[in-house]
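Trainee: What follows is a single structure, and I will ask about it in a moment.
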Amino acid sequence: MKTALITGITGQDGSYLTELLLSKGYLVHGVIRRSSSFNTGRLDAVYQDPHVEAARLCLHYGDLSDSSMLASLIRRIEPQEIYHLGAQSHVRVSFDMPEYTADVSGLSCIRLLEAIRDAKVACRFYQASSSEMFGSSPPPQNENTPFAPRSPYAIAKLHAYWTTLNYREAYGMYAVNGILFNHESPRRGPTFVTRKITRAVAKIVAGRQKHLYLGNLDAKRDWGYAPDYVEAMWLMLQQDAPEDYVVATGESHTVREFLEAAFALVNLKSEDYVRIDPRYYRPTEVDSLLGDAAKARHKLGWAPRTTFGELVRIMVEADLKAEGVLLAKG
Ligand code: NAP
Ligand code: GDD
């Protein structure tokens with residue numbers, strides 16, 4: 001049985017990756033933050049009572065700012081694979097908390113790689129890098145596109161990106177960057193734009209919300225479906241040699257297009273409900289992301305399975321269901 005450690009296991013990607021690894025027979029360890037309320041909701045479907053001897057999901061309290069905890073955990077469980085998904089992952093929030101973001105989304109990568117080195121375990125390492133690092137570089141973006149970060153989040157992620165590359169070159173470690181473009185799902189955090197829209201659609205239909213306040217509707221994103229993307233993460237750690245990969249759909253849409261598609265599913269017009277609130281503008285914006293995932297397609301055999309239209313429908317339907325409303329088929 002292979003052993004994996006996932007940071008950010010309670011997040012969107014962490015929960016889907018946990019399901020994938022458990023289905024492949026892994027023993028999965030995850031780092032969770034101590035919180036005054038439960039933060040394991042996304043893991044409910046796969047949660048296992050730790051008192052059961054054969055449990056294959058083990059959760060450990062910890063924080064990405066705590067090197068000694070991370071190091072002792074790695075020494076103790078000796079994972080063969082580490083998926084470093086934990087981060088302060090909200091771009092807008094990174095302008096409000098730049099130092100914290102640099103620490104948790106940037107320096108945490110060094111903490112983990114140093115812990116692996118120190119423990120002398122043969123461990124493969126995945127770093128959750130981001131298309132946000134391309135920033136103002138014009139689309140399409142691939143592994144050779146220059147980085148031009150536009151947020152403290154992107155700068156933190158670049159620190160981690162280069163650290164991963166450096167540890168691979170300097171110490172011969174199997175350490176890779178997955179440069180993932182935006183990926184969404186019904187488990188997406190509610191303050192990211194897609195989920196904010198689909199939740200609002202459902203609440204408006206249910207009569208519980210009147211308006212939806214948004215920022216820049218002209219930004220373009222390459223949106224995929226999170227369960228498809230965690231498969232690419234796993235594939236990256238199963239290769240003969242460690243390399244970095246872009247993961248994307250190759251299709252780009254504006255926020256406005258997502259908005260119109262979501263409202264159209266419930267036969268409403270977005271302009272009747274949407275209001276622009278400048279508080280959601282970013283001091284510096286990433287205008288256009290469109291990924292070229294040819295390398296992942298050829299070398300990993302990976303391709304997205306879910307279209308833009310299907311993604312919008314999956315998310316709207318899930319939020320309608322949560323509000324107790326069913327969407328008519330067709
Ligand atoms: P997410 O839903 O925001 O999950 C982030 C995870 O990190 C959560 O489990 C969170 O714990 C944990 N975390 C945050 N701060 C922490 C700290 N100080 N110590 C320990 N854990 C901490 O993010 P996601 O969408 O799953 O994304 C996964 C990773 O991929 C992130 O690194 C993100 O930056 C990166 N990424 C995401 C996308 C995307 O489109 N989703 C694209 C490219 C890269 P709580 O649950 O307690 O908050
Ligand atoms: N969050 C948010 N809220 N974004 C809005 C809003 C709003 O009310 N109105 C417009 N937007 C625009 C943002 O300005 C941005 O251009 C776009 O919608 C997408 O914003 P987010 O959904 O917050 O995602 P992101 O692209 O900034 O970042 C996500 O993708 C990155 C990969 O490119 C996050 O998941 C990052 O962690 C990830 O690395």
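The way I read the labels, and the way they are meant: chains A, B, ... in the order of the structure tokens, residue 1 as the first residue of every chain, and ligand 1 as the first ligand shown, with later ones counted on from there.
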Given only C-alpha atoms and all ligand atoms, how would the per-residue table for chain A near ligand 1 read, listing every residue at most 8 Å away with its closest atom pair and distance in Å to one decimal, sorted by chain and number, as a Markdown table?
Mentor:
```
| residue | atom | partner | partner_atom_place_in_ligand_line | distance |
| --- | --- | --- | --- | --- |
| A:Thr7 | CA | ligand 1 | 21 (N) | 6.3 |
| A:Gly8 | CA | ligand 1 | 9 (O) | 3.2 |
| A:Ile9 | CA | ligand 1 | 9 (O) | 4.8 |
| A:Thr10 | CA | ligand 1 | 9 (O) | 3.8 |
| A:Gly11 | CA | ligand 1 | 4 (O) | 3.4 |
| A:Gln12 | CA | ligand 1 | 26 (O) | 3.7 |
| A:Asp13 | CA | ligand 1 | 26 (O) | 3.7 |
| A:Gly14 | CA | ligand 1 | 26 (O) | 5.7 |
| A:Ser15 | CA | ligand 1 | 26 (O) | 7.8 |
| A:Val31 | CA | ligand 1 | 20 (C) | 6.5 |
| A:Ile32 | CA | ligand 1 | 21 (N) | 6.0 |
| A:Arg33 | CA | ligand 1 | 47 (O) | 5.1 |
| A:Arg34 | CA | ligand 1 | 47 (O) | 7.6 |
| A:Ser35 | CA | ligand 1 | 47 (O) | 7.2 |
| A:Asn39 | CA | ligand 1 | 46 (O) | 5.6 |
| A:Thr40 | CA | ligand 1 | 46 (O) | 7.1 |
| A:Gly62 | CA | ligand 1 | 20 (C) | 6.3 |
| A:Asp63 | CA | ligand 1 | 19 (N) | 3.6 |
| A:Leu64 | CA | ligand 1 | 19 (N) | 4.0 |
| A:Ser65 | CA | ligand 1 | 18 (N) | 5.9 |
| A:His84 | CA | ligand 1 | 32 (O) | 7.0 |
| A:Leu85 | CA | ligand 1 | 29 (C) | 4.0 |
| A:Gly86 | CA | ligand 1 | 7 (O) | 3.3 |
| A:Ala87 | CA | ligand 1 | 32 (O) | 4.4 |
| A:Gln88 | CA | ligand 1 | 14 (C) | 4.8 |
| A:Ser89 | CA | ligand 1 | 34 (O) | 4.0 |
| A:His90 | CA | ligand 1 | 3 (O) | 6.8 |
| A:Val104 | CA | ligand 1 | 18 (N) | 5.4 |
| A:Ser105 | CA | ligand 1 | 32 (O) | 6.7 |
| A:Gln127 | CA | ligand 1 | 32 (O) | 7.9 |
| A:Ala128 | CA | ligand 1 | 30 (O) | 4.7 |
| A:Ser129 | CA | ligand 1 | 44 (C) | 5.2 |
| A:Ser130 | CA | ligand 1 | 43 (C) | 3.9 |
| A:Ser131 | CA | ligand 1 | 43 (C) | 6.0 |
| A:Glu132 | CA | ligand 1 | 43 (C) | 7.2 |
| A:Lys157 | CA | ligand 1 | 34 (O) | 7.6 |
| A:Ile179 | CA | ligand 1 | 43 (C) | 6.5 |
| A:Leu180 | CA | ligand 1 | 43 (C) | 4.4 |
| A:Phe181 | CA | ligand 1 | 42 (C) | 5.0 |
| A:Asn182 | CA | ligand 1 | 40 (O) | 3.2 |
| A:His183 | CA | ligand 1 | 40 (O) | 4.0 |
| A:Glu184 | CA | ligand 1 | 41 (N) | 6.1 |
| A:Arg187 | CA | ligand 1 | 2 (O) | 7.8 |
| A:Arg188 | CA | ligand 1 | 2 (O) | 6.2 |
| A:Gly189 | CA | ligand 1 | 2 (O) | 5.7 |
| A:Trp223 | CA | ligand 1 | 40 (O) | 7.7 |
| A:Ala226 | CA | ligand 1 | 41 (N) | 7.1 |
```
Trainee: Which chains and residue numbers are within 8 Å of ligand 2, counting only C-alpha atoms and all ligand atoms, if I want them as a compact mmCIF listing (two decimals) with C-alpha atoms, in the first residue's frame?
Mentor:
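Below is the file part-v3.txt, written as the result:
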```
# COMPACT_ATOMS: atom_id res chain seq x y z
CA ALA A 87 -2.37 27.64 0.52
CA GLN A 88 -4.04 30.98 1.13
CA SER A 89 -5.52 30.53 -2.33
CA HIS A 90 -7.64 33.66 -2.83
CA VAL A 91 -6.03 36.21 -5.16
CA ARG A 92 -8.07 39.22 -3.98
CA SER A 129 1.53 25.93 -8.96
CA SER A 130 -0.88 28.24 -10.71
CA SER A 131 -1.73 29.88 -14.02
CA GLU A 132 -1.98 33.09 -11.98
CA MET A 133 1.86 33.13 -12.22
CA TYR A 153 -0.54 35.34 -4.36
CA ALA A 154 1.16 34.84 -7.75
CA LEU A 180 -3.05 24.35 -13.16
CA PHE A 181 -5.48 26.78 -14.73
CA ASN A 182 -8.71 27.59 -12.88
CA HIS A 183 -10.74 24.55 -11.97
CA THR A 191 -16.05 33.48 -2.66
CA PHE A 192 -14.47 32.42 -5.97
CA VAL A 193 -16.40 33.92 -8.85
CA THR A 194 -17.94 30.77 -10.39
CA ARG A 195 -19.33 29.44 -7.13
CA LYS A 196 -20.41 32.91 -6.04
CA TYR A 213 -22.58 41.98 -6.46
CA LEU A 214 -19.56 41.34 -8.65
CA GLY A 215 -16.37 43.07 -9.87
CA ASN A 216 -14.68 42.81 -13.28
CA LEU A 217 -16.86 40.88 -15.72
CA ASP A 218 -14.42 41.16 -18.64
CA ALA A 219 -11.62 38.97 -17.25
CA LYS A 220 -11.12 35.75 -19.20
CA ARG A 221 -10.39 32.41 -17.58
CA VAL A 255 -16.77 36.09 -16.30
CA ASP A 277 -19.28 46.69 -6.72
CA TYR A 280 -14.31 43.26 -5.92
CA TYR A 281 -11.88 44.87 -8.38
CA ARG A 282 -8.23 43.95 -7.91
CA GLU A 285 -5.88 42.21 -12.63
CA VAL A 286 -4.98 39.18 -14.73
CA ASP A 287 -6.96 39.88 -17.89
CA LEU A 289 -5.75 33.12 -19.18
```
Trainee: Let's see if you can do this: from backbone DSSP, list all strand (DSSP E) residues in stretch 80-323 of chain A, as a count of residues only.
Mentor: 34
Trainee: Mind pulling up the distance from atom CA of A:Tyr174 to atom CA of A:Ala122?
Mentor: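 Distance between the two atoms: 8.7 Å.
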Trainee: Per DSSP on the backbone, filter stretch 155-223 of chain A down to the residues in alpha helix (DSSP H) and report them as a PyMOL selection string.
Mentor: chain A and resi 155-171+193-205
Trainee: Excluding A:Pro283 and its own-chain neighbours fewer than 4 positions away, which residues fall within 9 Å of it when counting only C-alpha atoms? Please give them as a ChimeraX atom specification.
Mentor: /A:92,95,150-151
Trainee: Save out the residues we just selected, N, CA, C and O atoms, as a CSV table (one decimal), in the first residue's frame.
Mentor:
```csv
chain,number,residue,atom,x,y,z
A,92,ARG,N,-7.7,37.9,-4.5
A,92,ARG,CA,-8.1,39.2,-4.0
A,92,ARG,C,-7.6,39.4,-2.5
A,92,ARG,O,-7.1,40.4,-2.1
A,95,PHE,N,-4.0,40.5,-1.6
A,95,PHE,CA,-3.7,42.0,-1.5
A,95,PHE,C,-3.9,42.5,-0.1
A,95,PHE,O,-3.3,43.5,0.3
A,150,ARG,N,0.9,39.3,-11.1
A,150,ARG,CA,0.1,40.5,-10.9
A,150,ARG,C,-0.5,40.5,-9.5
A,150,ARG,O,-1.4,41.4,-9.2
A,151,SER,N,-0.1,39.6,-8.6
A,151,SER,CA,-0.7,39.7,-7.2
A,151,SER,C,0.3,39.1,-6.2
A,151,SER,O,1.2,38.3,-6.6
```
Trainee: Nearest residue to A:Trp162 out of A:Ile116, A:Gly135, A:Leu107, A:Ser185, using only C-alpha atoms?
Mentor: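 Using only C-alpha atoms, the shortest distance to A:Trp162 belongs to A:Leu107.
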